[in-house]
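Trainee: I'm passing along entry.cif; it holds mmCIF, C-alpha atoms.
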```
data_model
loop_
_atom_site.label_atom_id
_atom_site.label_comp_id
_atom_site.auth_asym_id
_atom_site.auth_seq_id
_atom_site.Cartn_x
_atom_site.Cartn_y
_atom_site.Cartn_z
CA MET Q 757 66.54 199.78 25.96
CA ARG Q 758 65.40 196.43 27.37
CA LYS Q 759 61.87 195.66 28.51
CA SER Q 760 62.88 195.59 32.13
CA TYR Q 761 61.30 197.20 35.16
CA VAL Q 762 64.42 196.88 37.30
CA ASN Q 763 67.04 199.58 36.72
CA ASN Q 764 70.15 197.99 38.18
CA ASN Q 765 73.54 199.11 36.92
CA ILE Q 766 75.74 196.28 35.70
CA LYS Q 767 78.77 195.54 37.91
CA VAL Q 768 82.29 195.39 36.48
CA ASN Q 769 82.70 191.66 37.09
CA GLU Q 770 79.29 191.00 35.48
CA PHE Q 771 80.34 193.09 32.47
CA ASP Q 772 83.59 191.10 32.19
CA ALA Q 773 81.71 187.83 32.49
CA LEU Q 774 79.30 188.86 29.73
CA ILE Q 775 82.22 189.75 27.45
CA LYS Q 776 83.84 186.36 28.13
CA ILE Q 777 80.60 184.53 27.33
CA THR Q 778 80.13 186.60 24.15
CA VAL Q 779 83.68 185.83 22.96
CA GLU Q 780 83.28 182.10 23.63
CA MET Q 781 79.92 182.10 21.83
CA SER Q 782 81.35 183.93 18.82
CA LYS Q 783 84.18 181.37 18.58
CA TYR Q 784 81.57 178.66 18.44
CA LEU Q 785 79.27 180.59 16.08
CA TYR Q 786 81.98 181.96 13.75
CA PRO Q 787 80.98 179.80 10.73
CA TYR Q 788 77.41 181.10 11.02
CA ILE Q 789 78.50 184.73 11.51
CA ARG Q 790 80.71 184.38 8.45
CA GLU Q 791 77.88 182.99 6.33
CA ILE Q 792 75.55 185.85 7.34
CA LEU Q 793 78.21 188.39 6.38
CA LYS Q 794 78.83 186.55 3.11
CA SER Q 795 75.13 186.47 2.34
CA LYS Q 796 74.94 190.26 2.70
CA GLU Q 797 77.94 190.65 0.32
CA ASP Q 798 76.14 189.06 -2.62
CA ILE Q 799 72.60 189.88 -1.64
CA LYS Q 800 71.27 189.42 -5.21
CA GLU Q 801 72.37 185.78 -5.45
CA ASN Q 802 72.26 184.64 -1.86
CA SER Q 803 69.88 186.72 0.22
CA ILE Q 804 68.10 183.88 2.11
CA ILE Q 805 70.52 183.68 5.07
CA TRP Q 806 70.65 187.46 5.53
CA ASP Q 807 66.87 187.82 5.27
CA ASP Q 808 66.27 184.99 7.76
CA PHE Q 809 68.77 186.45 10.21
CA ASN Q 810 67.31 189.95 9.90
CA LYS Q 811 63.78 188.61 10.39
CA ARG Q 812 64.77 186.69 13.54
CA PHE Q 813 66.77 189.69 14.82
CA ILE Q 814 63.68 191.92 14.51
CA GLU Q 815 61.50 189.27 16.17
CA LEU Q 816 63.86 189.11 19.17
CA ILE Q 817 64.11 192.89 19.44
CA ASN Q 818 60.31 193.14 19.39
CA GLU Q 819 60.07 190.45 22.04
CA ARG Q 820 62.70 191.69 24.49
CA PHE Q 821 63.35 195.39 23.93
CA ASN Q 822 61.39 198.52 24.73
CA VAL Q 823 59.84 199.23 21.32
CA ASP Q 824 58.85 202.79 22.28
CA SER Q 825 62.50 203.86 22.48
CA MET Q 826 63.81 205.73 19.40
CA ARG Q 827 67.08 203.75 19.47
CA VAL Q 828 65.16 200.49 19.41
CA LYS Q 829 62.95 201.77 16.58
CA LYS Q 830 66.14 202.29 14.54
CA LEU Q 831 67.07 198.65 15.12
CA LEU Q 832 63.65 197.56 13.89
CA ASN Q 833 63.79 199.58 10.69
CA GLN Q 834 65.08 197.20 7.99
CA ALA Q 835 66.37 200.08 5.89
CA GLU Q 836 68.51 201.43 8.73
CA ASN Q 837 69.53 198.42 10.80
CA GLY Q 838 71.87 196.87 8.16
CA GLU Q 839 74.89 198.92 9.18
CA ILE Q 840 74.41 198.26 12.91
CA ILE Q 841 74.01 194.50 12.33
CA ILE Q 842 77.04 194.27 10.00
CA LYS Q 843 79.27 196.23 12.38
CA SER Q 844 78.13 194.10 15.34
CA LEU Q 845 78.79 190.88 13.41
CA LEU Q 846 82.18 192.16 12.27
CA ILE Q 847 83.16 192.99 15.85
CA LEU Q 848 82.19 189.47 16.92
CA SER Q 849 84.07 187.89 14.02
CA PHE Q 850 87.23 189.89 14.85
CA CYS Q 851 87.19 188.67 18.46
CA ILE Q 852 87.44 184.90 18.15
CA SER Q 853 91.15 184.66 18.97
CA ASN Q 854 92.61 183.97 22.41
CA GLN Q 855 93.01 187.72 22.84
CA GLY Q 856 89.35 188.15 21.85
CA TYR Q 857 88.25 189.13 25.35
CA GLN Q 858 90.58 192.16 25.42
CA LYS Q 859 89.75 193.04 21.82
CA LEU Q 860 85.99 193.00 22.41
CA LYS Q 861 86.40 195.07 25.55
CA ASN Q 862 88.39 197.69 23.61
CA PHE Q 863 85.84 197.71 20.78
CA LEU Q 864 82.98 198.19 23.23
CA TYR Q 865 84.70 201.07 25.01
CA ASP Q 866 85.34 202.77 21.64
CA PHE Q 867 81.97 202.03 20.03
CA MET A 1125 115.80 172.26 6.43
CA GLN A 1126 113.30 175.10 6.84
CA ASN A 1127 110.25 174.99 9.08
CA LYS A 1128 106.78 175.59 7.72
CA LEU A 1129 103.76 176.74 9.72
CA LEU A 1130 100.25 177.04 8.35
CA PHE A 1131 97.52 179.17 9.90
CA HIS A 1132 94.13 178.48 8.47
CA GLN A 1133 90.73 180.13 8.81
CA SER A 1134 87.85 179.15 6.48
CA SER A 1135 88.83 180.56 3.04
CA VAL A 1136 92.18 182.06 4.00
CA SER A 1137 95.49 180.46 4.91
CA LEU A 1138 98.80 181.98 5.90
CA GLU A 1139 102.02 180.04 5.44
CA ILE A 1140 105.17 181.03 7.26
CA ILE A 1141 108.50 179.55 6.24
CA GLY A 1142 111.68 180.11 8.21
CA LEU A 1143 114.35 178.92 10.60
CA PRO A 1144 114.84 178.93 14.36
CA ASP A 1145 117.40 181.25 15.90
CA TYR A 1146 119.90 178.70 17.24
CA SER A 1147 121.97 181.48 18.83
CA ASN A 1148 119.05 181.94 21.28
CA ASN A 1149 118.88 178.19 22.02
CA GLU A 1150 115.49 177.89 20.34
CA ASN A 1151 113.71 174.63 19.56
CA LYS A 1152 113.98 173.00 16.16
CA ASP A 1153 110.32 173.69 15.31
CA GLN A 1154 110.50 177.40 16.23
CA ILE A 1155 110.54 180.13 13.53
CA SER A 1156 112.33 183.36 14.33
CA ILE A 1157 114.06 184.03 11.03
CA ILE A 1158 111.25 184.20 8.49
CA SER A 1159 112.43 183.70 4.94
CA GLN A 1160 109.08 183.64 3.17
CA TRP A 1161 105.36 184.08 3.80
CA LYS A 1162 102.33 183.36 1.62
CA LEU A 1163 98.77 184.54 2.10
CA THR A 1164 96.29 182.45 0.17
CA ILE A 1165 92.74 183.72 -0.26
CA VAL A 1166 90.32 181.44 -2.11
CA ASP A 1167 89.58 182.69 -5.66
CA LYS A 1168 92.16 185.47 -5.32
CA PRO A 1169 95.79 185.73 -6.49
CA LEU A 1170 98.47 184.51 -4.09
CA ILE A 1171 100.04 187.23 -1.95
CA GLU A 1172 103.65 186.74 -0.94
CA GLY A 1173 106.51 188.97 -0.01
CA LYS A 1174 109.60 189.67 1.99
CA ILE A 1175 109.69 189.49 5.78
CA GLU A 1176 109.80 193.27 6.09
CA HIS A 1177 106.45 193.45 4.26
CA LEU A 1178 104.56 191.07 6.55
CA ARG A 1179 104.28 193.25 9.67
CA PRO A 1180 103.24 196.44 7.74
CA ILE A 1181 100.56 194.45 5.90
CA MET A 1182 99.29 192.95 9.16
CA ASP A 1183 99.24 196.39 10.80
CA ALA A 1184 97.38 197.80 7.78
CA PHE A 1185 94.66 195.18 8.18
CA TYR A 1186 94.38 195.77 11.94
CA ILE A 1187 94.20 199.56 11.60
CA TYR A 1188 91.74 199.31 8.72
CA SER A 1189 89.46 196.95 10.65
CA ASN A 1190 89.44 199.39 13.58
CA LEU A 1191 88.59 202.27 11.25
CA LEU A 1192 85.87 200.19 9.61
CA ILE A 1193 84.10 199.74 12.91
CA LYS A 1194 84.55 203.32 14.10
CA ASN A 1195 84.32 205.44 10.94
CA GLU A 1196 81.84 205.51 8.11
CA ILE A 1197 84.43 205.72 5.30
CA PRO A 1198 87.60 203.88 6.37
CA ILE A 1199 90.76 204.46 4.37
CA TYR A 1200 94.30 203.19 4.99
CA GLU A 1201 97.14 204.40 2.77
CA SER A 1202 100.85 203.60 2.87
CA LYS A 1203 103.79 203.04 0.50
CA LEU A 1204 103.13 199.31 0.53
CA ILE A 1205 99.38 198.85 0.81
CA ASP A 1206 96.17 200.83 0.38
CA ILE A 1207 92.85 199.61 1.73
CA LYS A 1208 89.64 201.44 0.97
CA ALA A 1209 86.02 200.52 1.44
CA ASP A 1210 83.71 200.57 -1.60
CA ASN A 1211 80.86 200.22 0.84
CA LEU A 1212 80.36 198.44 4.16
CA GLN A 1213 80.57 195.04 2.42
CA ILE A 1214 83.35 195.34 -0.17
CA HIS A 1215 86.95 196.36 0.53
CA ASN A 1216 89.52 197.35 -2.09
CA ILE A 1217 93.08 196.27 -1.40
CA VAL A 1218 95.94 197.64 -3.50
CA LEU A 1219 99.31 195.96 -2.91
CA LYS A 1220 102.16 197.99 -4.36
CA SER A 1221 105.33 196.25 -5.46
CA SER A 1222 108.71 197.58 -4.35
CA LYS A 1223 110.09 196.65 -7.79
CA ALA A 1224 109.87 199.18 -10.59
CA ASN A 1225 107.60 198.50 -13.59
CA VAL A 1226 105.43 196.05 -11.62
CA LYS A 1227 101.78 196.97 -11.60
CA PRO A 1228 100.04 197.01 -8.21
CA LEU A 1229 97.89 194.03 -7.34
CA VAL A 1230 94.26 194.98 -6.81
CA LEU A 1231 91.95 192.73 -4.76
CA LYS A 1232 88.35 193.11 -3.77
CA ILE A 1233 87.34 191.19 -0.68
CA GLY A 1234 84.16 191.03 1.36
CA ASN A 1235 83.65 191.11 5.11
CA SER A 1236 83.85 187.31 5.39
CA LEU A 1237 87.32 187.20 3.78
CA LEU A 1238 88.44 190.24 5.75
CA SER A 1239 87.57 188.57 9.05
CA ASP A 1240 89.19 185.29 7.89
CA THR A 1241 92.40 187.18 7.06
CA LEU A 1242 92.42 188.98 10.40
CA ASN A 1243 91.87 185.72 12.23
CA CYS A 1244 94.85 184.18 10.41
CA PHE A 1245 96.97 187.14 11.54
CA ASP A 1246 95.64 186.71 15.09
CA GLN A 1247 96.67 183.04 15.04
CA LEU A 1248 100.15 184.04 13.85
CA ASN A 1249 100.45 186.69 16.59
CA GLU A 1250 99.39 184.24 19.26
CA SER A 1251 101.49 181.32 18.04
CA PRO A 1252 104.32 180.51 20.45
CA LYS A 1253 106.24 178.94 17.55
CA VAL A 1254 106.73 182.16 15.57
CA ARG A 1255 108.46 185.33 16.65
CA ILE A 1256 107.97 188.49 14.64
CA LYS A 1257 109.49 191.81 15.55
CA LYS A 1258 106.72 194.18 16.52
CA THR A 1259 106.63 197.66 15.05
CA ASP A 1260 105.29 200.75 16.71
CA LYS A 1261 101.70 200.68 15.49
CA LEU A 1262 101.15 204.41 15.94
CA ASN A 1263 103.80 205.11 13.31
CA LYS A 1264 101.76 203.17 10.80
CA ILE A 1265 98.62 205.26 11.17
CA PRO A 1266 98.17 207.22 7.95
CA LYS A 1267 99.24 210.85 8.12
CA LYS A 1268 95.73 212.13 7.45
CA LEU A 1269 94.31 210.28 10.45
CA LYS A 1270 97.22 211.23 12.71
CA PHE A 1271 96.71 214.86 11.81
CA GLY A 1272 93.02 214.52 12.53
CA LEU A 1273 93.65 213.10 16.02
CA ASN A 1274 96.22 215.80 16.90
CA LYS A 1275 93.95 218.47 15.53
CA LYS A 1276 91.07 217.28 17.70
CA VAL A 1277 93.20 217.20 20.85
CA LYS A 1278 94.74 220.63 20.11
CA PHE A 1279 91.32 222.10 19.37
CA PHE A 1280 89.98 221.02 22.77
CA ASN A 1281 93.14 222.05 24.62
CA PHE A 1282 92.99 225.46 23.00
CA PHE A 1283 89.31 226.25 23.55
CA ILE A 1284 88.26 224.52 26.77
CA PRO A 1285 90.34 226.53 29.34
CA PRO A 1286 89.22 230.01 28.09
CA PHE A 1287 85.67 228.70 27.73
CA PHE A 1288 85.59 227.64 31.39
CA ALA A 1289 87.28 230.89 32.44
CA ILE A 1290 84.66 233.04 30.69
CA LEU A 1291 81.83 230.83 31.96
CA SER A 1292 83.01 231.06 35.57
CA LEU A 1293 83.50 234.84 35.21
CA ILE A 1294 79.93 235.24 33.95
CA LEU A 1295 78.53 233.09 36.75
CA PHE A 1296 80.58 234.90 39.38
CA SER A 1297 79.64 238.40 38.20
CA TYR A 1298 75.99 237.42 37.66
CA SER A 1299 75.67 236.63 41.39
CA PHE A 1300 76.58 240.28 42.27
CA ILE A 1301 73.47 241.61 40.54
CA TYR A 1302 71.35 240.51 43.48
CA PHE A 1303 73.57 242.01 46.19
CA TYR A 1304 72.35 244.97 48.27
CA SER A 1305 74.07 248.20 47.30
CA PRO A 1306 73.96 250.74 50.22
CA PHE A 1307 75.36 253.68 48.15
CA GLU A 1308 72.43 253.59 45.71
CA ASN A 1309 69.92 253.82 48.58
CA ILE A 1310 71.70 256.79 50.17
CA GLU A 1311 71.66 258.62 46.82
CA LYS A 1312 67.95 257.89 46.38
CA LYS A 1313 67.16 259.20 49.89
CA GLU A 1314 69.06 262.39 49.22
CA LEU A 1315 67.31 263.16 45.93
CA PRO A 1316 63.89 264.37 47.29
CA ASN A 1317 65.53 267.23 49.29
CA PRO A 1318 68.13 268.78 46.96
CA GLU A 1319 68.00 272.22 48.56
#
```
Could you quickly redo this structure as C-alpha coordinates?
Mentor:
Amino acid sequence: MRKSYVNNNIKVNEFDALIKITVEMSKYLYPYIREILKSKEDIKENSIIWDDFNKRFIELINERFNVDSMRVKKLLNQAENGEIIIKSLLILSFCISNQGYQKLKNFLYDF
Amino acid sequence: MQNKLLFHQSSVSLEIIGLPDYSNNENKDQISIISQWKLTIVDKPLIEGKIEHLRPIMDAFYIYSNLLIKNEIPIYESKLIDIKADNLQIHNIVLKSSKANVKPLVLKIGNSLLSDTLNCFDQLNESPKVRIKKTDKLNKIPKKLKFGLNKKVKFFNFFIPPFFAILSLILFSYSFIYFYSPFENIEKKELPNPE
(Lines of atoms letter the chains of each structure in order from A and count residues from 1; the text may use other names and numbers.)
(Lines give C-alpha, C1' and ligand atoms only; values in the text may rest on other atoms or scores of the structure.)
Protein backbone atom coordinates (compact mmCIF):
# COMPACT_ATOMS: atom_id res chain seq x y z
CA MET A 1 0.00 0.00 0.00
CA ARG A 2 2.91 2.37 0.63
CA LYS A 3 4.81 4.23 -2.08
CA SER A 4 7.87 2.11 -1.62
CA TYR A 5 10.07 0.38 -4.16
CA VAL A 6 11.61 -1.98 -1.61
CA ASN A 7 9.50 -5.02 -0.76
CA ASN A 8 11.02 -6.14 2.53
CA ASN A 9 8.88 -8.13 4.94
CA ILE A 10 8.74 -6.66 8.43
CA LYS A 11 10.55 -8.69 11.10
CA VAL A 12 8.81 -9.76 14.32
CA ASN A 13 10.95 -7.54 16.56
CA GLU A 14 10.35 -4.57 14.23
CA PHE A 15 6.60 -5.25 14.36
CA ASP A 16 6.74 -5.36 18.18
CA ALA A 17 8.75 -2.15 18.28
CA LEU A 18 6.23 -0.40 16.04
CA ILE A 19 3.38 -1.51 18.30
CA LYS A 20 5.23 -0.20 21.37
CA ILE A 21 5.85 3.16 19.69
CA THR A 22 2.19 3.36 18.59
CA VAL A 23 0.94 2.63 22.12
CA GLU A 24 3.25 5.23 23.66
CA MET A 25 2.18 7.79 21.05
CA SER A 26 -1.51 7.09 21.65
CA LYS A 27 -1.01 7.59 25.41
CA TYR A 28 0.47 10.98 24.65
CA LEU A 29 -2.12 11.84 21.98
CA TYR A 30 -5.19 10.51 23.82
CA PRO A 31 -6.75 13.97 24.47
CA TYR A 32 -6.52 14.74 20.74
CA ILE A 33 -7.87 11.32 19.70
CA ARG A 34 -10.76 11.84 22.11
CA GLU A 35 -11.57 15.27 20.71
CA ILE A 36 -11.59 13.94 17.12
CA LEU A 37 -13.99 11.16 18.14
CA LYS A 38 -16.15 13.67 20.02
CA SER A 39 -16.22 15.99 17.04
CA LYS A 40 -17.56 13.17 14.84
CA GLU A 41 -20.29 12.42 17.44
CA ASP A 42 -21.91 15.85 17.11
CA ILE A 43 -20.86 16.64 13.58
CA LYS A 44 -23.60 19.29 13.13
CA GLU A 45 -22.36 21.46 16.00
CA ASN A 46 -18.66 20.71 16.07
CA SER A 47 -17.39 19.48 12.73
CA ILE A 48 -14.19 21.59 12.50
CA ILE A 49 -11.86 19.14 14.29
CA TRP A 50 -13.16 16.12 12.36
CA ASP A 51 -12.96 17.94 9.02
CA ASP A 52 -9.42 19.16 9.70
CA PHE A 53 -8.30 15.69 10.75
CA ASN A 54 -9.90 14.05 7.72
CA LYS A 55 -8.33 16.63 5.39
CA ARG A 56 -4.85 16.07 6.86
CA PHE A 57 -5.37 12.27 6.82
CA ILE A 58 -6.16 12.39 3.08
CA GLU A 59 -3.17 14.68 2.44
CA LEU A 60 -0.82 12.22 4.15
CA ILE A 61 -2.31 9.22 2.35
CA ASN A 62 -1.88 11.02 -0.99
CA GLU A 63 1.70 11.89 -0.09
CA ARG A 64 2.90 8.52 1.19
CA PHE A 65 0.66 5.75 -0.15
CA ASN A 66 0.26 4.14 -3.53
CA VAL A 67 -2.82 5.98 -4.81
CA ASP A 68 -3.41 3.47 -7.63
CA SER A 69 -4.26 0.72 -5.14
CA MET A 70 -8.02 0.09 -4.65
CA ARG A 71 -7.58 -0.20 -0.87
CA VAL A 72 -5.88 3.18 -0.76
CA LYS A 73 -8.61 4.69 -2.96
CA LYS A 74 -11.13 3.60 -0.31
CA LEU A 75 -9.14 5.49 2.33
CA LEU A 76 -9.21 8.61 0.16
CA ASN A 77 -12.96 8.53 -0.40
CA GLN A 78 -14.47 10.82 2.26
CA ALA A 79 -17.81 9.03 2.08
CA GLU A 80 -16.23 5.64 2.84
CA ASN A 81 -13.23 6.36 5.03
CA GLY A 82 -15.22 7.48 8.13
CA GLU A 83 -15.70 3.97 9.48
CA ILE A 84 -12.04 2.99 8.98
CA ILE A 85 -10.82 6.19 10.69
CA ILE A 86 -13.24 5.85 13.64
CA LYS A 87 -12.35 2.19 14.20
CA SER A 88 -8.62 2.97 14.01
CA LEU A 89 -8.98 5.85 16.48
CA LEU A 90 -11.08 3.69 18.80
CA ILE A 91 -8.44 0.95 18.76
CA LEU A 92 -5.78 3.52 19.67
CA SER A 93 -7.92 5.01 22.43
CA PHE A 94 -8.57 1.55 23.94
CA CYS A 95 -4.84 0.81 24.12
CA ILE A 96 -3.47 3.55 26.36
CA SER A 97 -3.21 1.44 29.50
CA ASN A 98 -0.09 -0.39 30.69
CA GLN A 99 -1.44 -3.51 29.00
CA GLY A 100 -1.95 -1.48 25.81
CA TYR A 101 0.87 -3.22 23.96
CA GLN A 102 -0.78 -6.65 24.32
CA LYS A 103 -4.22 -5.22 23.59
CA LEU A 104 -3.10 -3.51 20.37
CA LYS A 105 -1.31 -6.66 19.25
CA ASN A 106 -4.50 -8.69 19.78
CA PHE A 107 -6.61 -6.10 17.96
CA LEU A 108 -4.22 -6.10 15.01
CA TYR A 109 -4.21 -9.88 14.73
CA ASP A 110 -8.04 -9.90 14.78
CA PHE A 111 -8.60 -6.89 12.52
CA MET B 1 -12.53 3.41 58.28
CA GLN B 2 -13.05 2.46 54.64
CA ASN B 3 -10.55 3.10 51.85
CA LYS B 4 -11.48 5.07 48.77
CA LEU B 5 -9.77 4.88 45.39
CA LEU B 6 -10.58 7.11 42.44
CA PHE B 7 -9.74 6.26 38.83
CA HIS B 8 -10.17 9.17 36.51
CA GLN B 9 -10.09 9.58 32.74
CA SER B 10 -11.26 12.83 31.10
CA SER B 11 -15.08 12.87 31.60
CA VAL B 12 -15.41 9.62 33.51
CA SER B 13 -14.40 8.65 37.04
CA LEU B 14 -14.72 5.39 38.91
CA GLU B 15 -14.76 5.34 42.70
CA ILE B 16 -14.07 2.16 44.61
CA ILE B 17 -14.82 1.99 48.32
CA GLY B 18 -13.83 -0.96 50.47
CA LEU B 19 -11.60 -2.57 53.06
CA PRO B 20 -8.36 -4.54 53.02
CA ASP B 21 -8.43 -8.24 53.77
CA TYR B 22 -6.50 -8.30 57.06
CA SER B 23 -6.65 -12.11 57.16
CA ASN B 24 -4.24 -12.06 54.16
CA ASN B 25 -1.90 -9.58 55.91
CA GLU B 26 -2.72 -6.85 53.41
CA ASN B 27 -1.68 -3.21 53.72
CA LYS B 28 -4.00 -0.62 55.19
CA ASP B 29 -4.49 1.15 51.85
CA GLN B 30 -5.36 -2.05 49.94
CA ILE B 31 -8.96 -2.81 48.86
CA SER B 32 -9.98 -6.44 48.59
CA ILE B 33 -13.45 -6.32 50.08
CA ILE B 34 -15.33 -3.83 47.92
CA SER B 35 -18.42 -2.46 49.60
CA GLN B 36 -19.44 0.12 47.02
CA TRP B 37 -18.51 1.44 43.58
CA LYS B 38 -19.64 4.52 41.67
CA LEU B 39 -19.20 5.29 37.99
CA THR B 40 -19.59 8.96 37.23
CA ILE B 41 -19.99 10.07 33.63
CA VAL B 42 -20.23 13.81 33.01
CA ASP B 43 -23.81 14.91 32.15
CA LYS B 44 -25.15 11.41 32.82
CA PRO B 45 -26.85 9.88 35.87
CA LEU B 46 -24.60 8.28 38.49
CA ILE B 47 -24.16 4.53 38.13
CA GLU B 48 -23.61 2.56 41.31
CA GLY B 49 -24.22 -0.96 42.44
CA LYS B 50 -23.25 -3.97 44.43
CA ILE B 51 -19.84 -5.62 44.15
CA GLU B 52 -21.27 -8.56 42.22
CA HIS B 53 -22.44 -6.12 39.52
CA LEU B 54 -19.08 -4.47 38.91
CA ARG B 55 -17.26 -7.33 37.15
CA PRO B 56 -20.22 -8.22 34.84
CA ILE B 57 -20.54 -4.56 33.84
CA MET B 58 -16.80 -4.30 33.17
CA ASP B 59 -16.89 -7.52 31.12
CA ALA B 60 -19.89 -6.20 29.18
CA PHE B 61 -17.96 -3.08 28.21
CA TYR B 62 -14.85 -5.07 27.22
CA ILE B 63 -16.81 -7.58 25.11
CA TYR B 64 -18.87 -4.81 23.51
CA SER B 65 -15.76 -2.80 22.61
CA ASN B 66 -14.27 -5.90 20.96
CA LEU B 67 -17.47 -6.48 19.01
CA LEU B 68 -17.57 -2.82 18.01
CA ILE B 69 -14.19 -3.09 16.36
CA LYS B 70 -14.81 -6.46 14.72
CA ASN B 71 -18.50 -6.43 13.79
CA GLU B 72 -20.65 -3.91 12.00
CA ILE B 73 -23.62 -4.12 14.40
CA PRO B 74 -22.34 -4.91 17.91
CA ILE B 75 -24.85 -6.05 20.51
CA TYR B 76 -24.28 -7.25 24.08
CA GLU B 77 -27.21 -8.57 26.10
CA SER B 78 -27.34 -9.95 29.63
CA LYS B 79 -29.62 -9.98 32.69
CA LEU B 80 -27.84 -6.95 34.09
CA ILE B 81 -26.81 -4.81 31.14
CA ASP B 82 -27.59 -4.39 27.44
CA ILE B 83 -25.34 -2.41 25.13
CA LYS B 84 -26.33 -1.73 21.55
CA ALA B 85 -24.95 0.59 18.93
CA ASP B 86 -27.30 3.13 17.32
CA ASN B 87 -24.55 3.75 14.82
CA LEU B 88 -20.75 3.78 14.93
CA GLN B 89 -20.80 6.93 17.11
CA ILE B 90 -23.65 6.45 19.60
CA HIS B 91 -24.04 3.54 22.01
CA ASN B 92 -27.19 2.70 23.96
CA ILE B 93 -26.64 1.32 27.45
CA VAL B 94 -29.54 -0.20 29.39
CA LEU B 95 -28.79 -0.98 33.04
CA LYS B 96 -31.41 -3.26 34.55
CA SER B 97 -32.10 -3.14 38.27
CA SER B 98 -32.23 -6.36 40.28
CA LYS B 99 -35.06 -4.82 42.34
CA ALA B 100 -38.62 -5.27 41.16
CA ASN B 101 -40.62 -2.23 39.96
CA VAL B 102 -37.46 -0.23 39.19
CA LYS B 103 -37.29 0.98 35.62
CA PRO B 104 -34.05 0.30 33.73
CA LEU B 105 -31.62 3.17 33.39
CA VAL B 106 -31.02 4.11 29.77
CA LEU B 107 -27.86 6.00 28.76
CA LYS B 108 -26.60 7.14 25.41
CA ILE B 109 -22.86 7.63 25.20
CA GLY B 110 -20.50 8.46 22.36
CA ASN B 111 -17.15 6.95 21.44
CA SER B 112 -15.25 9.48 23.57
CA LEU B 113 -17.15 8.51 26.75
CA LEU B 114 -16.93 4.82 25.86
CA SER B 115 -13.15 4.98 25.61
CA ASP B 116 -12.96 7.04 28.84
CA THR B 117 -15.03 4.40 30.65
CA LEU B 118 -12.88 1.56 29.32
CA ASN B 119 -9.73 3.38 30.35
CA CYS B 120 -11.11 3.79 33.89
CA PHE B 121 -11.76 0.03 33.99
CA ASP B 122 -8.23 -0.60 32.67
CA GLN B 123 -6.80 1.56 35.48
CA LEU B 124 -8.83 -0.43 38.02
CA ASN B 125 -7.65 -3.75 36.55
CA GLU B 126 -4.03 -2.64 36.63
CA SER B 127 -4.13 -1.06 40.08
CA PRO B 128 -2.07 -3.03 42.60
CA LYS B 129 -4.23 -1.56 45.39
CA VAL B 130 -7.48 -3.25 44.34
CA ARG B 131 -8.21 -6.93 44.01
CA ILE B 132 -11.32 -8.05 42.18
CA LYS B 133 -12.23 -11.66 41.60
CA LYS B 134 -12.00 -12.39 37.92
CA THR B 135 -14.84 -14.19 36.18
CA ASP B 136 -14.55 -16.49 33.23
CA LYS B 137 -15.04 -14.04 30.39
CA LEU B 138 -16.22 -16.66 27.91
CA ASN B 139 -19.25 -17.33 30.09
CA LYS B 140 -20.29 -13.73 29.68
CA ILE B 141 -20.41 -13.79 25.90
CA PRO B 142 -24.05 -13.51 24.88
CA LYS B 143 -25.69 -16.77 23.85
CA LYS B 144 -26.31 -15.58 20.30
CA LEU B 145 -22.62 -14.87 19.71
CA LYS B 146 -21.50 -18.10 21.40
CA PHE B 147 -23.84 -20.05 19.17
CA GLY B 148 -22.48 -18.23 16.15
CA LEU B 149 -18.87 -19.12 17.02
CA ASN B 150 -19.69 -22.80 17.65
CA LYS B 151 -21.74 -22.94 14.50
CA LYS B 152 -18.86 -21.58 12.45
CA VAL B 153 -16.37 -24.07 13.91
CA LYS B 154 -18.79 -27.01 13.49
CA PHE B 155 -19.57 -25.96 9.93
CA PHE B 156 -15.88 -26.05 8.96
CA ASN B 157 -15.19 -29.27 10.86
CA PHE B 158 -18.12 -30.92 9.13
CA PHE B 159 -17.42 -29.84 5.56
CA ILE B 160 -13.66 -29.52 5.20
CA PRO B 161 -12.60 -33.22 5.59
CA PRO B 162 -15.08 -34.59 2.96
CA PHE B 163 -14.27 -31.65 0.70
CA PHE B 164 -10.55 -32.51 0.76
CA ALA B 165 -11.33 -36.21 0.35
CA ILE B 166 -13.44 -35.62 -2.78
CA LEU B 167 -10.90 -33.14 -4.15
CA SER B 168 -8.00 -35.56 -3.71
CA LEU B 169 -10.08 -38.38 -5.24
CA ILE B 170 -10.82 -36.25 -8.31
CA LEU B 171 -7.17 -35.26 -8.69
CA PHE B 172 -5.97 -38.82 -8.23
CA SER B 173 -8.44 -40.34 -10.72
CA TYR B 174 -7.91 -37.50 -13.21
CA SER B 175 -4.22 -38.46 -13.51
CA PHE B 176 -5.21 -41.98 -14.77
CA ILE B 177 -6.85 -40.55 -17.88
CA TYR B 178 -3.44 -40.00 -19.44
CA PHE B 179 -2.06 -43.47 -18.68
CA TYR B 180 -1.36 -45.93 -21.50
CA SER B 181 -3.92 -48.72 -21.64
CA PRO B 182 -2.46 -51.83 -23.42
CA PHE B 183 -5.81 -53.74 -23.54
CA GLU B 184 -7.47 -51.05 -25.67
CA ASN B 185 -4.66 -51.23 -28.25
CA ILE B 186 -4.85 -55.03 -28.50
CA GLU B 187 -8.61 -54.80 -29.09
CA LYS B 188 -8.11 -52.16 -31.78
CA LYS B 189 -5.48 -54.30 -33.55
CA GLU B 190 -7.78 -57.29 -33.54
CA LEU B 191 -10.75 -55.44 -35.03
CA PRO B 192 -9.57 -55.17 -38.72
CA ASN B 193 -9.34 -59.00 -39.08
CA PRO B 194 -12.47 -60.41 -37.42
CA GLU B 195 -12.58 -63.56 -39.53
Trainee: With distances taken over all atoms listed in the file, which residue among A:Tyr1298, A:Phe1283, A:Tyr1200, A:Tyr1186 lies nearest chain Q?
Mentor: A:Tyr1186
Trainee: Enumerate as a PyMOL selection string the residues belonging to chain Q that approach chain A to within 12 Å, with only C-alpha atoms taken into account.
Mentor: chain Q and resi 783+786-799+838-856+859-860+862-867
Trainee: Can you give me, as JSON, numbers by chain, the residues this file yields under the PyMOL selection byres ((chain A and resi 1128) around 6)?
Mentor: {"A": [1127, 1129, 1140, 1141]}
Trainee: Can you write out the residues you just picked, keeping C-alpha atoms, as a PDB file, in the frame of the given file?
Mentor:
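Full text of part.pdb as output:
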```
ATOM      1  CA  ASN A1127     110.250 174.990   9.080  1.00  0.00           C
ATOM      2  CA  LEU A1129     103.760 176.740   9.720  1.00  0.00           C
ATOM      3  CA  ILE A1140     105.170 181.030   7.260  1.00  0.00           C
ATOM      4  CA  ILE A1141     108.500 179.550   6.240  1.00  0.00           C
TER       5      ILE A1141
END
```
Trainee: Take atom CA of Q:Leu832 and atom CA of A:His1215 and report the distance between them in Å, one decimal.
Mentor: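 Computing it gives 26.9 Å between the two atoms.
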Trainee: Could you check which of Q:Asn802, Q:Ser825, Q:Ser782, Q:Gln834 is closest to Q:Tyr857, using only C-alpha atoms?
Mentor: Q:Ser782
Trainee: When you draw a straight line from atom CA of Q:Ile805 to atom CA of Q:Glu780, how long is it in Å?
Mentor: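 One can read the atom CA of Q:Ile805 to atom CA of Q:Glu780 distance as 22.6 Å.
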Trainee: Under the PyMOL selection byres ((chain A and resi 1137) around 6), which residues of this model are included? Write them out as a list in words.
Mentor: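 The output of the PyMOL selection byres ((chain A and resi 1137) around 6) on this file is Phe1131, His1132, Val1136, Leu1138, Leu1163 and Thr1164 of chain A.
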